[in-house]
Amino acid sequence: MAFGSTWRRGDRLPAEVTSFVGRTAELADVQRLLAQARMVTLVGPGGVGKTRLALRSVAEASARFADGVHLVELSGLKGAELLPNAVSEALGLPEQAGRPQVDAVVEYVAERELLLVLDTCEHLLDACALLADLLLPQAPRLTILATSRQALDVPGEHVLPVPPLPLPEAEGDAVEGALELFVQRARAAVPGFRLNDANRAHAVALCRRLDGIPLAIELASVRLRALPLDHLVARLTDTFALLAGSRLTTLPRHQTLRTTIGWSHELCTPPERLLWARLSVFAGDFDLSAAEAVCADAELPVESVLEHLISLVDKSVVLRVGEQGTRYRLLDTIREFGAEWLTSLGEQDAVRERHIACYRARLMQLGLKFTTSEQPRLHRELAAEEDNLRAALEYAIERGEVLRMTLVMSAYWAVSGRPAEAAHWMEKGFGDHPGSHRKNRAWNLAMYAMFAGHQGTPERAITAAQEALELAAEFEDDAIAALGAGGYGVALSYRGDHEEALEQLRFAEEKSVTAGHPLPPLMSSLGLSVAHVLARRPDEAIAECDRTIELLGPGSGECFIQGFSYVMRGLAHFMCGRPDLSAAALRRAAGLQSQRGDVLGLAHVLSILAWLAVDAGRHRRAAWLFGAASTHWSLVGRTILLGNPMMQSMQEKSVAATRSALGEERYAQLFEQGVRLPSQRAIDFAAGDQDALPPDPPAYGDRAASRADALTRREREVAALVAQGLSNREIAERLVISKRTADAHVEHILAKLGFSSRSEIAAMVSGAASSRGTPPDPHPGQRLPR
């Protein structure tokens, strides 16, 4: 996944897969502070539940923030320099061309009312503090909620310690706090578990031994699958004594959690411990094939990895995540413990080397299939691995091999539209041992020229391209020469040196013939189409676009090169006065660009379609499109094509005509409606050639019906019975299934829908029935007794 995610009022928050227990006082405190303070930090040790408390608090406070709530998950981010990029991803901002990304963040939040959640700040404490100190004074309606193991020490910061759950003082106390959490998790681990006079003393003792730390309690409760509660408590006591004496350097606030994890570690078999240690090299989540590639060797055969991975999932050491449950993740504290164990085994370097090799192989697949119909699928698969791709880059830096990684990552960065990140990592490689790996350096310089050009920094692009061409001549490598000259030409074109740009691009075209690789001919052709458009030669640009598509072959599903080419084609047809051909090309471009979430490409599409609407006298449509385009341009920041005087003149002329036709007041009203269109609805509106805005998002009843449709037939039956107020045992009896199966169905429904209570299931059933105009079926299913 990327580092950030966003939700707005009415949207479903990240799903709570287990019930939320207690924290009534803390929730009230967070709500109070969010209402009166602009910087709130939840502070506490690892595993105490800071993130869970923050997400639940945000769910209750989100309605107060007109521009939504934006979550920045920082646990997978290793370098402080990429913090602005992570925040940008959460805000939905693409990379900015030619200026620091943090400037784009400041500009975006300055005029908006939003809540920014910075989760897990402790390893980036100074960077997070500097960011908060920069944003808060310049964005008067911004509120920041942070979670960290220590305060950020930012002026105006309100720190709220998150304590462990309350412990039962006596055996007769109410079942709440730590004891309530243990009972609920014990029931999930061992269906039928009940707290009674016979086991209450052991349960209370366990909660006390674990100091009420939620993660520790959850880890312990899972052990009930293997051990009776009294044995569990006795075993835990022995392990505390064992590990407390061997961890004297551990911070006191970490000792209990570390002891708990260490104790869970000792309950694993030796192969499970080894797999746990090796899995610690993954950042974020991972899939089974990666686990097998990275963790297997003669000591841990590949065919045994799945078996041990499932066992670690059962023991709550590894979490199963993702919509299909096919990806896995270690909690940060568990990963840290595994990393220490891996270092003590002396295996860190070897396992990291296999991690690099695993993701290099995947990236190479995208590079090999970059110009084919496989490109979109391979890009989507790699997008789920972003944390691990960045971790592999970090490991490669430590080994002095970063240019090998950046070279194979170039295709991914290109399709993702991230020239600034590409340049950032390549520059790290250029600074290390400039005299070594000269062939890799040459390839990277050629790609860097392209990325720097698209960043809006043509001088840096030209300098890199010149060195790449010198090395290409030395190596007699036509592929490097073609790519380097292509980047050189595009950079010159952006700078306005059109004749010199065309000369370089024709040289790139010549070298691409003998390059022996399909990419150089395509990139030189694409570069020529850009250069012709910027040089006001639209017919030549169209001819070059035709050549680009011909090079890809009929029926190609490739989306990056085609998407950019169709934007150029649409722009060129517009310049030639061919509205139908222009609109057709731009609609094709919109479909291709939206597969990658290319904000810059879509901004061009929306703007040019607006110009076409003006020429056709469809001024209401034009005003909506201008509004929608302005939102996309504001996300991009400095533009490239519309920054060109010719393009700017076209924009100003079309806007003036629309204002004149509609009047200032009506234009402003329609423009604002376009601004507020979500991106996908704006794309649908533009591509559909409509003269009326698409309908608003579905009402609650429609959303409820949609959620109900996501359930299986049996799950809908169970949900209907939950809505009638039946207990799980009563549901089991009604459907003639076991109580354990009924428990599982209810838990699956809660997890699938992101609900945390049975009342939410009941509300969903009622809403779905109202939407469909039918009452909920009081007797679902075919197996009910008559």
# chains A, B, ... in the order shown; residues from 1 in each chain; ligands from 1

call {"tool": "select_by_dssp", "arguments": {"residues": "region 155-382 of chain A", "states": "helix (DSSP H, G or I)", "output": "PyMOL selection string"}}
result
chain A and resi 177-189+200-209+214-225+229-244+252-266+270-279+288-295+302-314+332-345+348-368+375-382

call {"tool": "residues_around", "arguments": {"residues": "Arg208 (chain A)", "least_positions_apart": "2", "cutoff": "10 Å", "atoms": "only C-alpha atoms", "output": "list in words"}}
result
Pro166, Leu167, Pro168, Glu169, Ala178, Leu179, His202, Ala203, Val204, Ala205, Leu206, Leu210, Asp211, Gly212, Ile213 and Ile217 of chain A

call {"tool": "closest_atom_pairs", "arguments": {"of": "region 30-51 of chain A", "to": "region 98-119 of chain A", "cutoff": "12 Å", "atoms": "only C-alpha atoms", "output": "Markdown table"}}
result
| residue | atom | partner | partner_atom | distance |
| --- | --- | --- | --- | --- |
| A:Leu34 | CA | A:Leu115 | CA | 9.3 |
| A:Ala35 | CA | A:Leu115 | CA | 11.3 |
| A:Ala37 | CA | A:Leu115 | CA | 11.6 |
| A:Arg38 | CA | A:Leu115 | CA | 9.0 |
| A:Met39 | CA | A:Leu116 | CA | 9.7 |
| A:Val40 | CA | A:Val117 | CA | 9.6 |
| A:Thr41 | CA | A:Leu118 | CA | 9.1 |
| A:Leu42 | CA | A:Asp119 | CA | 9.5 |
| A:Val43 | CA | A:Asp119 | CA | 10.9 |
| A:Gly49 | CA | A:Asp119 | CA | 11.6 |
| A:Lys50 | CA | A:Asp119 | CA | 8.7 |
| A:Thr51 | CA | A:Asp119 | CA | 6.7 |

call {"tool": "closest_atom_pairs", "arguments": {"of": "region 350-424 of chain A", "to": "region 518-539 of chain A", "cutoff": "12 Å", "atoms": "only C-alpha atoms", "output": "Markdown table"}}
result
| residue | atom | partner | partner_atom | distance |
| --- | --- | --- | --- | --- |
| A:Gly367 | CA | A:Leu519 | CA | 9.3 |
| A:Leu368 | CA | A:Pro518 | CA | 9.5 |
| A:Lys369 | CA | A:Pro518 | CA | 9.9 |
| A:Phe370 | CA | A:Leu519 | CA | 7.9 |
| A:Thr371 | CA | A:Leu519 | CA | 6.8 |
| A:Thr372 | CA | A:Pro518 | CA | 9.9 |
| A:Ala411 | CA | A:Leu519 | CA | 10.3 |
| A:Ala414 | CA | A:Met523 | CA | 11.6 |

call {"tool": "closest_residue", "arguments": {"among": "A:Arg194, A:Arg441, A:Arg714, A:Arg149", "to": "Thr333 (chain A)", "atoms": "only C-alpha atoms"}}
result
A:Arg149

call {"tool": "closest_residue", "arguments": {"among": "A:Ala357, A:Ala583, A:Leu571, A:Leu145", "to": "Met650 (chain A)", "atoms": "only C-alpha atoms"}}
result
A:Leu571

call {"tool": "residues_around", "arguments": {"residues": "Leu471 (chain A)", "least_positions_apart": "2", "cutoff": "9 Å", "atoms": "only C-alpha atoms", "output": "PyMOL selection string"}}
result
chain A and resi 438-439+441-442+466-469+473-477+480-481

call {"tool": "atom_distance", "arguments": {"atom1": "CA of Ser280 (chain A)", "atom2": "CA of Leu165 (chain A)"}}
result
28.1 Å

call {"tool": "select_by_dssp", "arguments": {"residues": "region 199-413 of chain A", "states": "strand (DSSP E)", "output": "count of residues only"}}
result
11

call {"tool": "residues_around", "arguments": {"residues": "region 273-275 of chain A", "least_positions_apart": "4", "cutoff": "9 Å", "atoms": "only C-alpha atoms", "output": "PyMOL selection string"}}
result
chain A and resi 265-266+268-269+279-280+291+295-296+300+305+308-309+312+338+341-342

call {"tool": "write_last_selection", "arguments": {"atoms": "C-alpha atoms", "output": "compact mmCIF listing (two decimals), in the first residue's frame"}}
result
# COMPACT_ATOMS: atom_id res chain seq x y z
CA HIS A 265 8.27 -16.33 21.08
CA GLU A 266 9.28 -19.13 23.42
CA CYS A 268 6.76 -21.08 19.12
CA THR A 269 8.60 -24.01 17.63
CA LEU A 279 9.79 -12.00 8.26
CA SER A 280 11.03 -8.95 10.16
CA ALA A 291 7.69 -14.86 2.26
CA CYS A 295 12.65 -16.66 4.15
CA ALA A 296 13.30 -20.11 2.69
CA LEU A 300 13.72 -23.64 6.36
CA VAL A 305 6.99 -21.82 4.92
CA HIS A 308 4.74 -22.24 9.73
CA LEU A 309 3.20 -18.98 8.49
CA LEU A 312 2.17 -17.82 13.33
CA GLY A 338 12.05 -10.44 15.27
CA TRP A 341 16.47 -12.07 16.93
CA LEU A 342 17.56 -12.04 13.28
